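Engineer: Take this structure, written in C-alpha cells, and hold onto it; I'll ask about it next.
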Amino acid sequence: KAKNKNGNSYSFFEEQFQTLLGKQTELESDIIKAIDNDEIVAYFQPQITFDGNIKSCEALIRWFHPTKGLITPDIFIPIAEQFGLIQKLQNIVLKDICMLINKLASLNLINETYSVALNISQYQFVADNLKSNILSIINEFHIPPSRIKLEITESMFSQDLGQTIQQMQTLVSEGFIFSIDDFGTGYSCLSTLQTYPISELKIDKTFVNNLTQKNITALPIIETIINLASNLNMSVVAEGIETKEQFEALKDKGVDTIQGYYIAKPMSAEDYLIWHSQNS
Ligand code: C2E
Ligand code: MG
Ligand code: MG
Ligand code: MG
C-alpha cells in the first residue's frame, strides 16, 4: 500500500482523489485536442410560443469524443473552467451561433426580434474581457448584440451586488439581453431582483417535470414566478416541457415561450435549420 511522506497509508479518500485528478488531467488534455479537432459544437433547441411561433433558441454545447462518445456539458464545463479553457469553448459556441443566425437571416427565416441564448457560467461572467470577447466575435459576423440572450443563473446574485449590476449594465447598454436560467432553484433575494436589468426568467425544469395530470402541486410555484415576472416586466420561459400534459397544464397561465423535448430536442445546426424552416 502506498505511503505518504509521514509514513501513513494513503487514505481511501486520497486514493479516490488521485484517481479523480488523473481523470481530470486526462480530460483536460482531451479538451485541448477536442478544440483542435472540431469535436466540440453547439446544438440548438427552439423556444416557441404556445401558438407555435419560433421566438429564439438556446445554444447548448456538445462534445463528440472519438472514443468516449458524447460527453455532456455538466461534466466538461467545470473542468474547462478549472483549466482556463472555458473562453475557447465559449468562442466555439458563439461562432456557431453567429453562423446559424446569418444562415437563418439569409434564408429570410427570422425577424428583427429573433435571438439565440448563450449560457454564461458564473466563472465566465466575472471575467473582465467578457464583453470585449463577445463583441469581437459578433462584430466579425456583423451580428448586433440584441440577437444574443445571455443566460446567467441566480448564483450571480449572491456575488457582489454592485459588481454584478455593473457588469450586466455595461452589457445591456451594448444591447445584449439577460435571461435568468434555472429560476426558482437558487436563492434570489427577491428584494434586489428588480435592481438587475433582466428581460426574462426561465422557470427551472424541475418545476415543469413535477407537473403531471394527477400531480399539479408545482403549479402554485410556477404561477408565482409568472406573476413575479409579469409584475417586474420580464417575460417567462418554461424549460423542460416533455409531455403534452405539461404543455396543456402551462397553457394560458402566462408563460411566453416554451422549450423542451415535447417541442424539439437540441439539434445540430444543420438539423435546426431544417426544423426551423419546416416550422415557420
Ligand atoms: P441549462 O442551460 O439549464 O440547459 C437546459 C438543459 O436541459 C440542457 O442540458 C438541455 O439539453 C436539457 N433539456 C432540454 N429540454 C429538456 C427536456 O424536455 N427534459 C429534460 N430532462 N432536459 C431537457 P445540457 O445540454 O446537457 O446542458 C446542461 C447544462 O450545461 C446547461 O443547463 C448549462 O448550464 C450548461 N451549458 C450548456 N451549454 C453551455 C455553454 O455553451 N456554456 C456554458 N457555460 N454552459 C453550458
Ligand atoms: Mg440555459
Ligand atoms: Mg436551465
Ligand atoms: Mg444551468
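Chain labels A, B, ... are given in the sequence in which chains occur in the C-alpha cells; within each chain residues are numbered consecutively from 1, and ligands are likewise numbered from 1 in the order shown.
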Near Ile198 of chain A, within 9 Å and counting only C-alpha atoms, which residues show up once chain neighbours fewer than 4 positions away are dropped, as a PDB file with C-alpha atoms, in the first residue's frame?
Structural biologist:
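Writing the result to selection16.pdb gives the following:
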```pdb
ATOM      1  CA  MET A 168     -24.873  43.473 -16.501  1.00  0.00           C
ATOM      2  CA  ILE A 177     -30.451  40.725 -23.326  1.00  0.00           C
ATOM      3  CA  PHE A 178     -30.350  38.948 -19.947  1.00  0.00           C
ATOM      4  CA  SER A 179     -32.248  35.818 -19.038  1.00  0.00           C
ATOM      5  CA  ILE A 180     -32.122  34.106 -15.652  1.00  0.00           C
ATOM      6  CA  LEU A 193     -34.269  41.141  -8.195  1.00  0.00           C
ATOM      7  CA  GLN A 194     -35.742  44.278  -9.719  1.00  0.00           C
ATOM      8  CA  ASN A 233     -41.952  43.458 -16.687  1.00  0.00           C
ATOM      9  CA  MET A 234     -39.998  40.359 -17.523  1.00  0.00           C
TER      10      MET A 234
END
```
Engineer: Apply DSSP to the backbone of this structure and, from segment 233-270 of chain A, keep only the residues in helix (DSSP H, G or I); write these as JSON, numbers by chain.
Structural biologist: {"A": [244, 245, 246, 247, 248, 249, 250, 269, 270]}
Engineer: So which one's closest to ligand 2, A:Ser158, A:Ser132, A:Thr153, A:Thr170? Using only C-alpha atoms and all ligand atoms, please.
Structural biologist: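 The answer is A:Thr153, which sits nearest to ligand 2.
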Engineer: So how many Å separate atom CA of Ser11 of chain A and atom CA of Gln24 of chain A, to one decimal?
Structural biologist: 19.8 Å
Engineer: List the neighbours of Asp256 of chain A out to 10 Å using only C-alpha atoms; skip same-chain residues closer than 2 positions along the sequence, and give me the result as a list in words.
Structural biologist: Gln47, Ile48, Thr49, Phe50, Lys55, Glu200, Ile226, Met234, Ser235, Val236, Val237, Ala238, Lys251, Asp252, Lys253, Gly254 and Ile258 of chain A
Engineer: Those selected residues, please, written with all heavy atoms and delivered as a tab-separated table (two decimals), in the first residue's frame.
Structural biologist:
```tsv
chain	number	residue	atom	x	y	z
A	47	GLN	N	-37.15	27.76	-28.92
A	47	GLN	CA	-38.02	28.35	-27.90
A	47	GLN	C	-39.18	28.98	-28.66
A	47	GLN	O	-38.99	29.89	-29.46
A	47	GLN	CB	-37.25	29.42	-27.11
A	47	GLN	CG	-36.07	28.84	-26.33
A	47	GLN	CD	-35.26	29.88	-25.58
A	47	GLN	OE1	-35.11	31.02	-26.03
A	47	GLN	NE2	-34.71	29.51	-24.43
A	48	ILE	N	-40.38	28.48	-28.42
A	48	ILE	CA	-41.54	28.91	-29.21
A	48	ILE	C	-42.68	29.39	-28.32
A	48	ILE	O	-42.68	29.13	-27.11
A	48	ILE	CB	-42.05	27.76	-30.13
A	48	ILE	CG1	-42.66	26.63	-29.29
A	48	ILE	CG2	-40.91	27.21	-30.99
A	48	ILE	CD1	-43.41	25.58	-30.11
A	49	THR	N	-43.66	30.05	-28.93
A	49	THR	CA	-44.86	30.42	-28.18
A	49	THR	C	-45.81	29.22	-28.20
A	49	THR	O	-45.60	28.27	-28.95
A	49	THR	CB	-45.58	31.62	-28.83
A	49	THR	OG1	-46.02	31.21	-30.13
A	49	THR	CG2	-44.67	32.83	-28.95
A	50	PHE	N	-46.88	29.29	-27.39
A	50	PHE	CA	-47.86	28.19	-27.40
A	50	PHE	C	-48.54	28.07	-28.76
A	50	PHE	O	-49.02	27.00	-29.13
A	50	PHE	CB	-48.90	28.39	-26.29
A	50	PHE	CG	-48.41	27.92	-24.94
A	50	PHE	CD1	-47.87	28.81	-24.03
A	50	PHE	CD2	-48.47	26.57	-24.59
A	50	PHE	CE1	-47.40	28.37	-22.80
A	50	PHE	CE2	-48.01	26.12	-23.38
A	50	PHE	CZ	-47.47	27.02	-22.48
A	55	LYS	N	-39.50	31.98	-31.47
A	55	LYS	CA	-39.02	33.25	-30.94
A	55	LYS	C	-37.50	33.31	-30.86
A	55	LYS	O	-36.89	34.36	-31.02
A	55	LYS	CB	-39.57	33.45	-29.52
A	55	LYS	CG	-41.04	33.80	-29.48
A	55	LYS	CD	-41.22	35.20	-29.98
A	55	LYS	CE	-42.66	35.66	-29.87
A	55	LYS	NZ	-42.87	36.88	-30.66
A	200	GLU	N	-35.85	38.42	-18.83
A	200	GLU	CA	-36.57	37.14	-18.90
A	200	GLU	C	-36.19	36.22	-17.75
A	200	GLU	O	-35.05	36.19	-17.33
A	200	GLU	CB	-36.18	36.50	-20.24
A	200	GLU	CG	-36.73	35.15	-20.52
A	200	GLU	CD	-36.15	34.61	-21.82
A	200	GLU	OE1	-36.69	34.96	-22.89
A	200	GLU	OE2	-35.18	33.84	-21.78
A	226	ILE	N	-44.52	33.33	-12.53
A	226	ILE	CA	-45.11	34.05	-13.66
A	226	ILE	C	-45.61	35.44	-13.23
A	226	ILE	O	-45.36	36.44	-13.89
A	226	ILE	CB	-46.25	33.23	-14.30
A	226	ILE	CG1	-45.70	31.95	-14.93
A	226	ILE	CG2	-47.01	34.06	-15.34
A	226	ILE	CD1	-46.75	30.92	-15.29
A	234	MET	N	-40.90	41.33	-16.91
A	234	MET	CA	-40.00	40.36	-17.52
A	234	MET	C	-40.85	39.30	-18.22
A	234	MET	O	-41.97	39.03	-17.80
A	234	MET	CB	-39.15	39.66	-16.45
A	234	MET	CG	-38.27	40.60	-15.65
A	234	MET	SD	-37.58	39.73	-14.23
A	234	MET	CE	-36.81	41.10	-13.36
A	235	SER	N	-40.32	38.69	-19.28
A	235	SER	CA	-41.05	37.60	-19.89
A	235	SER	C	-40.62	36.28	-19.27
A	235	SER	O	-39.64	36.21	-18.53
A	235	SER	CB	-40.87	37.61	-21.41
A	235	SER	OG	-39.52	37.52	-21.73
A	236	VAL	N	-41.38	35.23	-19.55
A	236	VAL	CA	-41.16	33.94	-18.89
A	236	VAL	C	-40.99	32.82	-19.91
A	236	VAL	O	-41.76	32.69	-20.85
A	236	VAL	CB	-42.35	33.58	-17.97
A	236	VAL	CG1	-42.16	32.20	-17.38
A	236	VAL	CG2	-42.49	34.60	-16.86
A	237	VAL	N	-39.96	32.03	-19.71
A	237	VAL	CA	-39.76	30.81	-20.50
A	237	VAL	C	-39.95	29.62	-19.57
A	237	VAL	O	-39.44	29.63	-18.44
A	237	VAL	CB	-38.32	30.74	-21.08
A	237	VAL	CG1	-38.15	29.49	-21.95
A	237	VAL	CG2	-37.97	31.97	-21.88
A	238	ALA	N	-40.69	28.62	-20.01
A	238	ALA	CA	-40.74	27.37	-19.26
A	238	ALA	C	-39.87	26.36	-19.99
A	238	ALA	O	-40.08	26.11	-21.18
A	238	ALA	CB	-42.18	26.87	-19.15
A	251	LYS	N	-50.43	25.98	-20.47
A	251	LYS	CA	-51.10	26.83	-21.45
A	251	LYS	C	-52.03	27.82	-20.75
A	251	LYS	O	-52.65	27.48	-19.76
A	251	LYS	CB	-51.90	25.94	-22.40
A	251	LYS	CG	-52.02	26.47	-23.80
A	251	LYS	CD	-52.72	25.45	-24.66
A	251	LYS	CE	-53.05	26.08	-26.01
A	251	LYS	NZ	-53.62	25.10	-26.92
A	252	ASP	N	-52.09	29.03	-21.27
A	252	ASP	CA	-52.98	30.08	-20.72
A	252	ASP	C	-52.63	30.48	-19.29
A	252	ASP	O	-53.46	31.04	-18.58
A	252	ASP	CB	-54.46	29.65	-20.77
A	252	ASP	CG	-54.87	29.25	-22.17
A	252	ASP	OD1	-54.47	29.95	-23.12
A	252	ASP	OD2	-55.58	28.23	-22.31
A	253	LYS	N	-51.43	30.18	-18.84
A	253	LYS	CA	-51.02	30.57	-17.49
A	253	LYS	C	-50.15	31.84	-17.51
A	253	LYS	O	-49.80	32.36	-16.47
A	253	LYS	CB	-50.24	29.43	-16.82
A	253	LYS	CG	-51.07	28.17	-16.54
A	253	LYS	CD	-51.92	28.37	-15.30
A	253	LYS	CE	-52.61	27.10	-14.85
A	253	LYS	NZ	-53.44	26.47	-15.89
A	254	GLY	N	-49.80	32.28	-18.71
A	254	GLY	CA	-48.99	33.49	-18.81
A	254	GLY	C	-47.53	33.24	-19.15
A	254	GLY	O	-46.72	34.17	-19.09
A	258	ILE	N	-41.89	28.50	-24.62
A	258	ILE	CA	-41.69	27.17	-24.08
A	258	ILE	C	-40.54	26.46	-24.80
A	258	ILE	O	-40.26	26.73	-25.98
A	258	ILE	CB	-42.98	26.32	-24.17
A	258	ILE	CG1	-43.56	26.38	-25.59
A	258	ILE	CG2	-43.99	26.81	-23.15
A	258	ILE	CD1	-44.80	25.53	-25.77
```
Engineer: At a cut-off of 7 Å, using only C-alpha atoms, what residues contact Ile137 of chain A? Leave out same-chain residues fewer than 4 positions from it and give the result as a PyMOL selection string.
Structural biologist: chain A and resi 95+133+141
Engineer: Dump N, CA, C and O atoms for the selected residues as a PDB file, in the first residue's frame?
Structural biologist:
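Result file part37.pdb:
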```pdb
ATOM      1  N   LYS A  95     -19.348  31.409 -32.161  1.00  0.00           N
ATOM      2  CA  LYS A  95     -19.168  31.398 -33.623  1.00  0.00           C
ATOM      3  C   LYS A  95     -20.252  30.555 -34.296  1.00  0.00           C
ATOM      4  O   LYS A  95     -20.802  30.948 -35.330  1.00  0.00           O
ATOM      5  N   ASN A 133     -14.692  40.256 -25.571  1.00  0.00           N
ATOM      6  CA  ASN A 133     -14.563  38.977 -26.268  1.00  0.00           C
ATOM      7  C   ASN A 133     -15.813  38.657 -27.095  1.00  0.00           C
ATOM      8  O   ASN A 133     -15.720  38.306 -28.265  1.00  0.00           O
ATOM      9  N   PHE A 141     -18.990  38.812 -37.431  1.00  0.00           N
ATOM     10  CA  PHE A 141     -20.090  38.243 -38.210  1.00  0.00           C
ATOM     11  C   PHE A 141     -21.205  39.262 -38.499  1.00  0.00           C
ATOM     12  O   PHE A 141     -22.251  38.889 -39.014  1.00  0.00           O
TER      13      PHE A 141
END
```
Engineer: Any residue with an atom at most 9 Å from ligand 4 counts, using only C-alpha atoms and all ligand atoms. Which are they? Put them as a PyMOL selection string.
Structural biologist: chain A and resi 74+119-121+151-153+181-182+204
Engineer: I need the chosen residues saved as a PDB file, in the first residue's frame, with C-alpha atoms.
Structural biologist:
```
ATOM      1  CA  ASP A  74     -22.189  19.147 -16.914  1.00  0.00           C
ATOM      2  CA  ASN A 119     -25.151  30.125 -21.386  1.00  0.00           C
ATOM      3  CA  ILE A 120     -22.668  32.068 -19.287  1.00  0.00           C
ATOM      4  CA  SER A 121     -21.293  30.385 -16.191  1.00  0.00           C
ATOM      5  CA  GLU A 151     -28.308  33.186 -19.720  1.00  0.00           C
ATOM      6  CA  ILE A 152     -26.918  33.528 -16.235  1.00  0.00           C
ATOM      7  CA  THR A 153     -28.097  31.843 -13.052  1.00  0.00           C
ATOM      8  CA  ASP A 181     -31.672  30.366 -16.113  1.00  0.00           C
ATOM      9  CA  ASP A 182     -32.961  27.692 -13.709  1.00  0.00           C
ATOM     10  CA  ASP A 204     -36.420  25.697 -13.878  1.00  0.00           C
TER      11      ASP A 204
END
```
Engineer: Nearest residue to Lys149 of chain A out of A:Val116, A:Leu130, A:Ala80, A:Leu135, using only C-alpha atoms?
Structural biologist: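 Once distances to Lys149 of chain A are computed over only C-alpha atoms, the minimum belongs to A:Val116.
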Engineer: Kindly indicate which residue among A:Gln45, A:Thr195, A:Ser155, A:Asn37 lies nearest to ligand 2, using only C-alpha atoms and all ligand atoms for the distances.
Structural biologist: A:Gln45
Engineer: Between atom CA of Ile79 of chain A and atom CA of Gln18 of chain A, what distance in Å does the model show, to one decimal?
Structural biologist: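 Interatomic distance, atom CA of Ile79 of chain A to atom CA of Gln18 of chain A: 15.4 Å.
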Engineer: Of the candidates A:Gln246, A:Ser277, A:Thr192, A:Thr212, which one gets nearest to ligand 1 if we count only C-alpha atoms and all ligand atoms?
Structural biologist: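 Smallest separation from ligand 1 among the options: A:Gln246.
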